[in-house]
Each structure stands twice: as structure tokens, then as C-alpha cells.
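Data block for query.txt (compact mmCIF, C-alpha atoms):
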# COMPACT_ATOMS: atom_id res chain seq x y z
CA MET A 1 41.68 -23.64 -72.52
CA HIS A 2 40.28 -20.37 -71.31
CA LEU A 3 36.57 -20.05 -70.50
CA GLN A 4 34.42 -17.28 -69.11
CA SER A 5 30.97 -17.54 -67.51
CA THR A 6 29.08 -17.55 -70.79
CA ASP A 7 31.40 -20.25 -72.23
CA ILE A 8 30.93 -22.44 -69.16
CA GLN A 9 27.18 -22.03 -69.38
CA ALA A 10 27.24 -22.93 -73.07
CA LEU A 11 28.97 -26.27 -72.50
CA GLU A 12 26.92 -29.42 -73.11
CA ARG A 13 25.52 -30.51 -69.72
CA ARG A 14 27.66 -33.62 -69.24
CA ARG A 15 30.87 -31.91 -70.35
CA ARG A 16 30.16 -29.06 -67.92
CA ALA A 17 29.57 -31.55 -65.09
CA ALA A 18 32.80 -33.39 -65.98
CA LEU A 19 34.79 -30.16 -66.07
CA ILE A 20 33.41 -28.49 -62.95
CA ASN A 21 33.48 -31.67 -60.86
CA SER A 22 37.17 -32.06 -61.71
CA ILE A 23 38.31 -28.45 -61.50
CA THR A 24 39.12 -28.41 -57.77
CA GLY A 25 41.85 -31.03 -58.25
CA TYR A 26 42.27 -34.14 -56.08
CA LYS A 27 39.45 -35.09 -53.77
CA PRO A 28 39.37 -37.69 -51.01
CA ALA A 29 37.64 -40.94 -52.07
CA ASN A 30 35.40 -42.27 -49.31
CA VAL A 31 32.40 -44.54 -49.03
CA VAL A 32 29.75 -43.53 -46.51
CA GLY A 33 27.97 -46.35 -44.66
CA THR A 34 24.50 -45.96 -43.17
CA ALA A 35 21.48 -48.03 -42.15
CA ASP A 36 17.83 -47.16 -41.69
CA SER A 37 16.04 -47.79 -38.41
CA SER A 38 15.20 -51.33 -39.48
CA GLY A 39 18.83 -52.13 -40.24
CA GLN A 40 18.67 -51.98 -44.05
CA THR A 41 22.16 -50.87 -45.06
CA ASN A 42 23.39 -48.41 -47.65
CA LEU A 43 26.83 -47.51 -48.99
CA ALA A 44 27.65 -44.53 -51.21
CA ILE A 45 30.87 -43.14 -52.65
CA MET A 46 31.46 -39.46 -51.90
CA SER A 47 34.19 -37.02 -52.76
CA SER A 48 32.85 -33.93 -50.97
CA LEU A 49 34.35 -34.53 -47.53
CA VAL A 50 35.96 -31.48 -45.92
CA HIS A 51 37.61 -30.70 -42.59
CA ILE A 52 35.69 -28.25 -40.39
CA GLY A 53 37.59 -28.36 -37.11
CA SER A 54 39.86 -30.49 -34.94
CA ASN A 55 38.47 -29.82 -31.45
CA PRO A 56 35.81 -31.08 -31.49
CA PRO A 57 36.77 -33.18 -34.54
CA LEU A 58 34.24 -32.12 -37.19
CA LEU A 59 33.93 -33.06 -40.86
CA ALA A 60 31.35 -31.95 -43.41
CA LEU A 61 29.84 -33.64 -46.44
CA ILE A 62 27.96 -31.94 -49.26
CA LEU A 63 25.02 -34.13 -50.29
CA ARG A 64 22.67 -33.84 -53.25
CA PRO A 65 19.18 -34.95 -52.23
CA ASP A 66 18.14 -35.57 -55.84
CA SER A 67 20.90 -38.14 -56.37
CA VAL A 68 21.69 -41.61 -55.04
CA GLU A 69 22.84 -39.74 -51.96
CA ARG A 70 19.20 -39.34 -50.88
CA HIS A 71 19.19 -42.78 -49.20
CA THR A 72 22.29 -41.85 -47.25
CA LEU A 73 20.71 -38.60 -46.11
CA ALA A 74 17.45 -40.31 -45.06
CA ASN A 75 19.38 -42.89 -43.04
CA ILE A 76 21.60 -40.33 -41.31
CA ARG A 77 18.46 -38.46 -40.26
CA GLN A 78 16.86 -41.65 -38.93
CA THR A 79 19.78 -42.97 -36.89
CA GLY A 80 21.93 -39.88 -36.36
CA VAL A 81 25.09 -41.81 -37.27
CA TYR A 82 27.16 -42.89 -40.25
CA THR A 83 30.59 -44.18 -41.13
CA ILE A 84 33.27 -42.79 -43.44
CA ASN A 85 35.64 -45.33 -44.95
CA HIS A 86 38.66 -44.50 -47.14
CA VAL A 87 38.61 -46.17 -50.52
CA HIS A 88 41.59 -48.52 -50.49
CA ARG A 89 43.28 -49.03 -53.85
CA ASP A 90 42.08 -52.65 -54.00
CA MET A 91 38.40 -51.72 -53.60
CA VAL A 92 37.96 -49.05 -56.30
CA ASP A 93 35.75 -51.15 -58.60
CA ALA A 94 33.27 -51.90 -55.81
CA ALA A 95 33.40 -48.40 -54.31
CA HIS A 96 32.64 -46.78 -57.68
CA GLN A 97 29.77 -49.22 -58.27
CA THR A 98 27.98 -47.87 -55.15
CA ALA A 99 27.18 -44.81 -57.30
CA ALA A 100 24.68 -46.85 -59.35
CA ARG A 101 21.00 -46.06 -58.76
CA TYR A 102 20.03 -49.16 -56.83
CA GLY A 103 16.53 -49.30 -55.33
CA ARG A 104 15.88 -48.46 -51.72
CA ASP A 105 15.64 -52.15 -50.78
CA VAL A 106 19.02 -53.08 -52.26
CA SER A 107 22.11 -52.82 -50.06
CA GLU A 108 25.16 -51.62 -51.95
CA PHE A 109 27.18 -53.93 -49.70
CA ALA A 110 25.47 -57.01 -51.15
CA ALA A 111 25.38 -55.52 -54.65
CA THR A 112 29.08 -54.67 -54.79
CA GLY A 113 30.58 -57.42 -52.66
CA LEU A 114 31.93 -55.16 -49.93
CA THR A 115 31.64 -56.50 -46.38
CA GLU A 116 29.67 -54.90 -43.54
CA PHE A 117 31.51 -54.56 -40.27
CA TRP A 118 29.58 -53.52 -37.18
CA ARG A 119 31.15 -52.30 -34.00
CA ASP A 120 29.74 -51.78 -30.53
CA GLU A 121 26.53 -49.80 -30.46
CA HIS A 122 27.21 -47.80 -33.63
CA ALA A 123 24.04 -48.06 -35.75
CA ALA A 124 25.85 -47.74 -39.09
CA PRO A 125 28.02 -50.29 -40.88
CA TYR A 126 31.75 -49.86 -41.49
CA VAL A 127 33.46 -51.35 -44.54
CA SER A 128 35.64 -54.29 -43.63
CA GLU A 129 37.93 -53.87 -46.68
CA ALA A 130 38.80 -50.25 -45.75
CA LYS A 131 41.96 -49.52 -43.76
CA VAL A 132 40.88 -46.12 -42.44
CA ARG A 133 37.41 -46.01 -40.85
CA LEU A 134 35.61 -43.23 -39.03
CA GLY A 135 32.50 -43.51 -36.87
CA MET A 136 30.47 -40.29 -37.18
CA ARG A 137 27.64 -38.71 -35.26
CA LEU A 138 25.45 -36.09 -36.95
CA ARG A 139 25.87 -32.69 -35.38
CA GLN A 140 24.22 -30.30 -37.81
CA GLU A 141 22.46 -30.38 -41.14
CA SER A 142 21.76 -27.29 -43.15
CA ILE A 143 20.52 -26.55 -46.62
CA LEU A 144 22.62 -24.32 -48.86
CA GLU A 145 19.92 -22.13 -50.31
CA ILE A 146 22.04 -21.20 -53.27
CA ASN A 147 21.40 -24.57 -54.96
CA GLY A 148 19.55 -26.82 -52.51
CA THR A 149 22.50 -29.04 -51.59
CA HIS A 150 22.83 -30.14 -47.98
CA LEU A 151 25.75 -29.53 -45.68
CA VAL A 152 25.98 -32.40 -43.20
CA ILE A 153 28.37 -31.80 -40.32
CA GLY A 154 29.35 -34.71 -38.11
CA GLU A 155 31.67 -35.36 -35.22
CA ILE A 156 34.22 -38.17 -35.33
CA ILE A 157 33.37 -40.39 -32.38
CA GLU A 158 35.58 -43.30 -33.35
CA LEU A 159 38.51 -43.74 -35.69
CA GLU A 160 40.69 -46.59 -36.77
CA LEU A 161 43.76 -46.52 -38.98
CA PRO A 162 46.88 -48.62 -39.61
CA ASP A 163 49.63 -47.96 -37.04
CA ASN A 164 52.34 -47.84 -39.71
CA ALA A 165 50.52 -45.04 -41.57
CA ILE A 166 50.89 -42.57 -38.67
CA ASN A 167 53.89 -40.29 -38.93
CA GLU A 168 56.04 -38.91 -36.11
CA LEU A 169 53.77 -35.87 -35.67
CA GLY A 170 50.68 -38.02 -35.34
CA ALA A 171 49.31 -37.44 -38.85
CA LEU A 172 47.93 -40.07 -41.21
CA ASP A 173 49.96 -40.68 -44.37
CA PRO A 174 47.23 -41.74 -46.83
CA ALA A 175 49.82 -43.10 -49.27
CA ILE A 176 51.06 -45.63 -46.70
CA ALA A 177 47.43 -46.49 -45.92
CA GLU A 178 47.07 -47.09 -49.69
CA SER A 179 44.04 -44.78 -49.89
CA VAL A 180 43.18 -43.35 -53.29
CA ALA A 181 42.21 -39.89 -54.47
CA ILE A 182 39.48 -39.15 -56.96
CA ALA A 183 39.29 -36.47 -59.62
CA GLY A 184 36.11 -35.59 -61.41
CA LEU A 185 33.47 -38.30 -61.53
CA ASP A 186 35.41 -41.32 -62.74
CA SER A 187 39.18 -41.11 -62.18
CA TYR A 188 41.03 -42.75 -59.28
CA TYR A 189 44.63 -41.96 -58.38
CA ARG A 190 47.45 -43.40 -56.32
CA ALA A 191 49.76 -40.89 -54.71
CA THR A 192 53.36 -40.72 -53.61
CA LEU A 193 54.82 -38.26 -51.15
CA GLN A 194 56.72 -35.50 -52.93
CA GLN A 195 57.84 -33.48 -49.90
CA ARG A 196 56.97 -32.49 -46.36
CA MET A 197 57.34 -28.90 -45.14
CA ALA A 198 58.26 -27.51 -41.74
CA TYR A 199 55.79 -25.12 -40.05
CA ALA A 200 55.99 -21.88 -42.05
CA LYS A 201 57.30 -18.75 -40.28
CA PRO A 202 57.54 -15.23 -41.71
CA ASP A 203 61.21 -14.79 -40.79
CA GLN A 204 62.39 -18.14 -42.16
CA GLN A 205 62.85 -19.57 -45.62
CA PRO A 206 60.70 -22.58 -46.61
CA LYS A 207 62.25 -25.71 -45.13
CA ARG A 208 61.61 -29.33 -46.10
CA ILE A 209 61.50 -32.01 -43.44
CA GLU A 210 62.16 -35.71 -43.75
CA SER A 211 59.26 -38.07 -43.40
CA ALA A 212 59.64 -40.72 -40.73
CA ALA A 213 56.61 -42.97 -40.54
CA LYS A 214 56.29 -44.76 -37.24
CA VAL A 215 56.53 -48.54 -37.20
CA MET B 216 45.29 -47.42 -33.91
CA HIS B 217 41.76 -47.29 -32.59
CA LEU B 218 40.49 -44.18 -30.79
CA GLN B 219 37.15 -43.16 -29.35
CA SER B 220 35.90 -39.67 -28.53
CA THR B 221 37.59 -39.51 -25.14
CA ASP B 222 40.91 -40.70 -26.62
CA ILE B 223 40.75 -38.08 -29.37
CA GLN B 224 40.00 -35.39 -26.82
CA ALA B 225 42.93 -36.55 -24.66
CA LEU B 226 45.49 -36.14 -27.46
CA GLU B 227 48.03 -33.35 -27.13
CA ARG B 228 46.67 -30.36 -29.09
CA ARG B 229 49.18 -30.43 -31.95
CA ARG B 230 48.94 -34.20 -32.39
CA ARG B 231 45.16 -33.95 -32.47
CA ALA B 232 45.35 -31.20 -35.11
CA ALA B 233 47.82 -33.29 -37.16
CA LEU B 234 45.60 -36.36 -36.97
CA ILE B 235 42.22 -34.75 -37.62
CA ASN B 236 43.51 -32.50 -40.40
CA SER B 237 44.87 -35.60 -42.17
CA ILE B 238 42.05 -38.06 -41.51
CA THR B 239 39.92 -37.18 -44.55
CA GLY B 240 42.69 -38.34 -46.93
CA TYR B 241 43.90 -36.39 -49.95
CA LYS B 242 42.87 -32.76 -50.26
CA PRO B 243 43.27 -30.37 -53.18
CA ALA B 244 46.21 -27.97 -52.76
CA ASN B 245 45.31 -24.47 -53.87
CA VAL B 246 46.48 -20.95 -53.23
CA VAL B 247 43.81 -18.28 -52.98
CA GLY B 248 44.68 -14.84 -54.35
CA THR B 249 42.99 -11.65 -53.17
CA ALA B 250 43.56 -7.90 -52.92
CA ASP B 251 42.08 -5.23 -50.71
CA SER B 252 40.35 -2.18 -52.17
CA SER B 253 43.68 -0.34 -52.38
CA GLY B 254 45.30 -3.15 -54.35
CA GLN B 255 47.43 -4.65 -51.55
CA THR B 256 47.65 -8.35 -52.48
CA ASN B 257 47.43 -11.49 -50.41
CA LEU B 258 47.99 -15.17 -51.15
CA ALA B 259 47.08 -18.08 -48.87
CA ILE B 260 47.29 -21.85 -49.23
CA MET B 261 44.02 -23.68 -48.60
CA SER B 262 43.01 -27.32 -48.63
CA SER B 263 39.33 -26.91 -47.79
CA LEU B 264 37.97 -26.43 -51.31
CA VAL B 265 34.85 -28.43 -52.12
CA HIS B 266 32.50 -28.72 -55.10
CA ILE B 267 28.96 -27.41 -54.50
CA GLY B 268 27.39 -27.53 -57.93
CA SER B 269 28.11 -27.47 -61.65
CA ASN B 270 25.31 -25.23 -62.98
CA PRO B 271 25.94 -22.58 -61.90
CA PRO B 272 29.55 -23.63 -61.20
CA LEU B 273 29.91 -23.20 -57.43
CA LEU B 274 32.80 -24.03 -55.09
CA ALA B 275 33.04 -23.54 -51.34
CA LEU B 276 35.96 -22.81 -49.04
CA ILE B 277 36.01 -23.26 -45.26
CA LEU B 278 37.91 -20.34 -43.70
CA ARG B 279 39.11 -19.85 -40.13
CA PRO B 280 38.85 -16.16 -39.24
CA ASP B 281 41.33 -16.53 -36.36
CA SER B 282 44.10 -17.75 -38.68
CA VAL B 283 46.18 -16.27 -41.50
CA GLU B 284 43.03 -16.76 -43.54
CA ARG B 285 41.53 -13.61 -41.97
CA HIS B 286 43.27 -11.36 -44.53
CA THR B 287 41.83 -13.45 -47.34
CA LEU B 288 38.35 -13.20 -45.86
CA ALA B 289 38.60 -9.44 -45.35
CA ASN B 290 39.73 -8.95 -48.96
CA ILE B 291 37.00 -11.15 -50.42
CA ARG B 292 34.42 -9.08 -48.52
CA GLN B 293 35.94 -5.81 -49.81
CA THR B 294 36.19 -6.69 -53.48
CA GLY B 295 33.75 -9.60 -53.86
CA VAL B 296 36.26 -11.59 -55.90
CA TYR B 297 39.20 -13.95 -55.51
CA THR B 298 41.26 -16.45 -57.48
CA ILE B 299 41.91 -20.14 -56.89
CA ASN B 300 45.17 -21.48 -58.30
CA HIS B 301 46.26 -25.13 -58.26
CA VAL B 302 49.58 -25.70 -56.56
CA HIS B 303 51.85 -27.01 -59.32
CA ARG B 304 54.51 -29.48 -58.19
CA ASP B 305 57.28 -26.95 -58.84
CA MET B 306 55.74 -24.29 -56.56
CA VAL B 307 55.19 -26.28 -53.35
CA ASP B 308 57.89 -24.51 -51.28
CA ALA B 309 56.46 -21.07 -52.05
CA ALA B 310 52.83 -22.16 -51.73
CA HIS B 311 53.44 -23.66 -48.30
CA GLN B 312 55.28 -20.53 -47.18
CA THR B 313 52.13 -18.45 -47.71
CA ALA B 314 50.84 -20.07 -44.49
CA ALA B 315 53.31 -18.01 -42.42
CA ARG B 316 51.79 -15.22 -40.32
CA TYR B 317 52.95 -12.25 -42.36
CA GLY B 318 51.66 -8.82 -41.38
CA ARG B 319 48.77 -7.17 -43.13
CA ASP B 320 51.10 -4.93 -45.17
CA VAL B 321 53.20 -7.80 -46.54
CA SER B 322 52.14 -9.45 -49.78
CA GLU B 323 52.76 -13.19 -49.80
CA PHE B 324 53.55 -12.82 -53.50
CA ALA B 325 56.58 -10.68 -52.73
CA ALA B 326 57.48 -12.70 -49.64
CA THR B 327 57.44 -16.08 -51.39
CA GLY B 328 58.57 -15.14 -54.89
CA LEU B 329 55.36 -16.11 -56.67
CA THR B 330 54.28 -13.81 -59.50
CA GLU B 331 51.05 -11.82 -59.64
CA PHE B 332 49.08 -12.12 -62.84
CA TRP B 333 46.14 -9.77 -63.43
CA ARG B 334 43.53 -10.27 -66.05
CA ASP B 335 40.86 -7.96 -67.41
CA GLU B 336 38.78 -6.27 -64.75
CA HIS B 337 39.15 -9.04 -62.13
CA ALA B 338 40.16 -7.29 -58.87
CA ALA B 339 42.17 -10.23 -57.52
CA PRO B 340 45.57 -11.52 -58.62
CA TYR B 341 46.13 -14.90 -60.23
CA VAL B 342 49.38 -16.84 -59.75
CA SER B 343 51.49 -16.86 -62.89
CA GLU B 344 53.27 -20.13 -61.95
CA ALA B 345 50.01 -22.06 -61.63
CA LYS B 346 48.72 -24.08 -64.61
CA VAL B 347 45.08 -24.24 -63.47
CA ARG B 348 43.52 -20.90 -62.47
CA LEU B 349 39.98 -19.99 -61.51
CA GLY B 350 38.48 -16.52 -61.27
CA MET B 351 35.82 -16.51 -58.54
CA ARG B 352 32.98 -14.18 -57.55
CA LEU B 353 31.62 -14.34 -54.00
CA ARG B 354 28.05 -15.58 -53.95
CA GLN B 355 27.36 -16.36 -50.30
CA GLU B 356 29.16 -16.29 -46.96
CA SER B 357 27.79 -17.98 -43.90
CA ILE B 358 29.09 -18.75 -40.45
CA LEU B 359 28.96 -22.33 -39.24
CA GLU B 360 27.69 -21.79 -35.73
CA ILE B 361 29.04 -25.10 -34.55
CA ASN B 362 32.61 -23.76 -34.42
CA GLY B 363 32.68 -20.26 -35.91
CA THR B 364 34.30 -21.22 -39.22
CA HIS B 365 33.07 -19.49 -42.36
CA LEU B 366 31.66 -21.13 -45.44
CA VAL B 367 32.49 -19.01 -48.48
CA ILE B 368 30.66 -19.99 -51.64
CA GLY B 369 31.80 -18.54 -54.94
CA GLU B 370 30.93 -18.89 -58.59
CA ILE B 371 33.58 -19.67 -61.18
CA ILE B 372 33.45 -16.78 -63.63
CA GLU B 373 36.67 -17.62 -65.46
CA LEU B 374 38.84 -20.69 -65.76
CA GLU B 375 42.05 -21.55 -67.48
CA LEU B 376 43.76 -24.91 -67.75
CA PRO B 377 46.25 -26.68 -70.03
CA ASP B 378 44.60 -28.11 -73.16
CA ASN B 379 46.48 -31.40 -72.88
CA ALA B 380 45.11 -31.98 -69.36
CA ILE B 381 41.50 -32.22 -70.57
CA ASN B 382 40.28 -35.75 -71.25
CA GLU B 383 37.84 -36.92 -73.90
CA LEU B 384 34.83 -36.33 -71.61
CA GLY B 385 35.89 -32.75 -70.90
CA ALA B 386 37.31 -33.36 -67.41
CA LEU B 387 40.59 -32.05 -66.03
CA ASP B 388 43.24 -34.68 -65.30
CA PRO B 389 45.16 -33.04 -62.41
CA ALA B 390 48.07 -35.48 -62.82
CA ILE B 391 48.71 -34.25 -66.37
CA ALA B 392 48.41 -30.66 -65.12
CA GLU B 393 51.05 -31.65 -62.51
CA SER B 394 48.90 -30.39 -59.65
CA VAL B 395 49.67 -31.76 -56.18
CA ALA B 396 47.49 -33.06 -53.39
CA ILE B 397 47.97 -32.24 -49.73
CA ALA B 398 47.42 -34.41 -46.69
CA GLY B 399 47.30 -33.03 -43.18
CA LEU B 400 49.14 -29.76 -42.65
CA ASP B 401 52.54 -30.42 -44.21
CA SER B 402 52.60 -33.26 -46.74
CA TYR B 403 52.44 -32.78 -50.53
CA TYR B 404 51.81 -35.62 -52.96
CA ARG B 405 52.12 -36.35 -56.65
CA ALA B 406 49.55 -38.67 -58.10
CA THR B 407 49.27 -41.13 -60.95
CA LEU B 408 46.08 -42.39 -62.51
CA GLN B 409 45.22 -45.90 -61.29
CA GLN B 410 42.01 -46.46 -63.21
CA ARG B 411 38.98 -44.78 -64.73
CA MET B 412 35.49 -46.20 -64.33
CA ALA B 413 32.49 -46.14 -66.65
CA TYR B 414 29.26 -44.60 -65.37
CA ALA B 415 27.89 -47.05 -62.78
CA LYS B 416 24.58 -48.77 -63.52
CA PRO B 417 22.68 -51.15 -61.22
CA ASP B 418 22.32 -53.89 -63.84
CA GLN B 419 25.95 -53.86 -64.98
CA GLN B 420 29.22 -54.99 -63.44
CA PRO B 421 31.86 -52.30 -62.72
CA LYS B 422 33.68 -51.51 -65.94
CA ARG B 423 37.02 -49.77 -66.38
CA ILE B 424 37.53 -47.37 -69.26
CA GLU B 425 40.73 -46.36 -70.97
CA SER B 426 42.00 -42.84 -70.48
CA ALA B 427 42.56 -40.85 -73.61
CA ALA B 428 43.80 -37.36 -72.93
CA LYS B 429 43.17 -34.95 -75.75
CA VAL B 430 46.12 -33.41 -77.48
Please express what this file holds, its structure, as C-alpha cells.
Amino acid sequence: MHLQSTDIQALERRRRAALINSITGYKPANVVGTADSSGQTNLAIMSSLVHIGSNPPLLALILRPDSVERHTLANIRQTGVYTINHVHRDMVDAAHQTAARYGRDVSEFAATGLTEFWRDEHAAPYVSEAKVRLGMRLRQESILEINGTHLVIGEIIELELPDNAINELGALDPAIAESVAIAGLDSYYRATLQQRMAYAKPDQQPKRIESAAKV
Amino acid sequence: MHLQSTDIQALERRRRAALINSITGYKPANVVGTADSSGQTNLAIMSSLVHIGSNPPLLALILRPDSVERHTLANIRQTGVYTINHVHRDMVDAAHQTAARYGRDVSEFAATGLTEFWRDEHAAPYVSEAKVRLGMRLRQESILEINGTHLVIGEIIELELPDNAINELGALDPAIAESVAIAGLDSYYRATLQQRMAYAKPDQQPKRIESAAKV
């Protein structure tokens, strides 16, 4: 299939959304946990997480304030914190269900059967069923004027992951953590490692390295 | 493993980079093709692509101007266009090699053996070996003051993908297109569809749907 601007614009609205939401390829599947200042919790699946920097450790989310993501945004503004939890392959049904338009007074935890997990002073709930969990503090919010979406940048202030999913260089292997990827709006994928590559240098040929997950 | 801010900060620099670059989970693996105003080409692997909106179709990249990505950024500013090409599973070695710090006068196409493919008037090269290819026009560039990275937002003005990788709703299935995911800085993954979910509604239980790729 080969489309140009006018063809894309001419697509029926839902087919265009399906195509453009899937066209970047695999996206990380995460559920974002928040609470308002009275402790009412919220959980929302998001696939727009992107790395911004490692020192300090910064991640960004793109949020759409006209969607179910509006509760998440309101809560992050109220408390200044949130959690990011990888969707484990056994929790896909519940994670996807958080996308339903529940009312403000309904917690997606109760509605989907996922379990809140609170730690220390962090004013946002983690997901007990997730194996990789990040505690985030809001650092910057800005509006992308081009279409009104919001860029929410947070710092990782706490992280937890399975010891056996950390490789010899200190990186997370999301396949060993049994995290899933998402494509488009409705498709969830398992992954298997195809190959790892040595640090690329201009005067050397590409070189594969063996994976050796720590135990 | 359980780390807090001070623990993350105390990690050796390369281990911190390996951990934080991998902590979001699966990322899309793409190579970005550009040329300067004299036609000198450049190709760079990127994993920071994120969906911004479907109408108009907007995608954003996070670029680090102190990295090999500086040539890409300079070219996008000169010509206003670029291409995004999915990394197919057979081109991982070459795609990864584009991350090497080649000089300004070296094209990563020539250096890695990937093939330039030019179309119409678009002043940036596509990658012939890729199965999913997007022609992009720069719409907005902004600097994230928090750490000096650049947010580059572009509009999809052309797209090409294999017919058999489009499902019945009009979405791309990246597994059928044989695209790969990346985790961290060095690990490339193949994926298989685990499940597809029906549109989530508050008054309905989560429902799986069957995949039916068009042929």
C-alpha cells in the first residue's frame, strides 16, 4: 500500500486512527497509576512512553486531554507523582480494559481487578501484578501547540525489576521480564531476543554479542 | 532489584545508561534517512519515535544534538524533510552500525551497505531494504529545556507498507511486516501476536478478537 497526504486524509476516521497509531511499529505497553488528593485512584494504559535522558533519568508521556487520559493528567497535576508499570503478559485483558471510559469516581483498579500496591510516601499506586514498576515525579508539563496534546516529563525516583531480567551490562531484558509490546490500539505482542550488537564503531564491522542474563 | 534516586545516581555511568535506556520496555526500531542541501546522505538508527496525532498524522522524535544524531538534525533543518524506515529483521546488523560516529562526509548508506531509494521530489533518501517507509515533513522543532534534547515533530506525507501486513481494521501488524523492536541500546527482538482486544467499554468485560490479516 502506498499513500500520500491526500490519501491519508481521505481515509475513514477510524481506519486512519488504526493505521497512524500502528505505523511507528512496536510500542511499550504500560499502565500509569495515579491518585487524586483525596486518594481516589486511577489506572490508564499508555503506549506513548519515550526516553528523554539517563542522568537525570527522565521519561516523557504524550497525553490527550480529551480522552480517558484526562483523569491521569488531573491527578498528576494534583499530587506531582505517578507510577509506570509494565504490562506483564498475564495482565493484558485487565490492562486493556483500563482504556474504557469509566466515570471519575470509578477506580480502574477495582473495575479491572488489578491490585493497588502503595510504597513509602509515594502518593500514587503501583500495580501489584506488574514485574517492572517505576515511581515517577513530575518535572515538566508542556502543551504541544501543533495539536493540543500534552508532553509530561517525569523523573524516575524509584524503580523495581526482577533480578534475573538484568543483563551483564545492567540493562533490562523485557522478554525475560515477560513484558509485552503493543502495536496500534488493540494488538499485544510477546517478543524474543533476535540478536544483541556490540557498540558500533566506524572502523569495525558490525559484531554480535552473546546475551548473558544475570541470575 | 529495587533502586531509589540516590542509588540510580550512584550507578556507574554506562550501567545507568544501559538501565535507563531499557527501562521503558520495547521501543520501535527505525532508521532515519536525511540528506543535506548538496545531496550528501545520512542514516541513523533511532528508538525514540512516538505517536503525536492521527489527523494530521504527526510523529515525534527525541534527538540528542551532542550525539551522532547531530547530522540528522542539521539535515532536517536544511531540507525540511526526512524518512523513517522500519528496521526489518534481515537488516539489523547494518541498521545498528549506523550508530557509529562516522564523519560528516561519510554516508551511512555506503558505510553499512544499505541502499538509498529516492522517490518523487522528496529530498531525503528512503531505505530500499525496509518494508515500511514513511516520508516526513518537519512541522515543529523545540528544545526540551530540562536536558537540552530536541523534540522534532513531523507530518507523514507519504507511507508505504506491505499489503498483507494490514489487518481488517486498517492497522499495520509489524510482526507480519517482520519489523523488529529494540530494547536498551543493543538488543533487537522479534515479536509474535499474543492477543487482540476489542474496543474497551465500561459496561462490558474485556473481550479478545480474532486477528484476520488481509490478503
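With only C-alpha atoms as the atoms that count, the residue of B:Val302, B:Pro340, B:Asn362, B:Val367 with the shortest distance to B:Asp281 is B:Asn362.
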Subject >> Selected residue, from A:Thr79, A:Ser187, A:Asn30, A:Thr192, that lies nearest to A:Leu49 when counting only C-alpha atoms >> reply: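 The answer is A:Asn30, which sits nearest to A:Leu49.
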Original post:
Which chain A residues are at most 6 Å from chain B (counting all atoms listed in the file), as a ChimeraX atom specification?
Top reply: /A:1-5,15,17-20,22,25-28,48,50,54,93,97,99-102,157-161,163,170-172,174,181,186-197,200-202,206
Subject >> Atom pair atom CA of B:Ser282 / atom CA of A:Met136: separation (Å) >> reply: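 Value for the atom CA of B:Ser282-atom CA of A:Met136 distance: 26.4 Å.
A straight line drawn from atom CA of A:Ala124 to atom CA of A:Glu141 is 17.8 Å long.
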Original post:
Hey, can you check how far atom CA of A:Ile76 sits from atom CA of A:Glu178?
Top reply: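 These atoms are spaced 27.7 Å apart.
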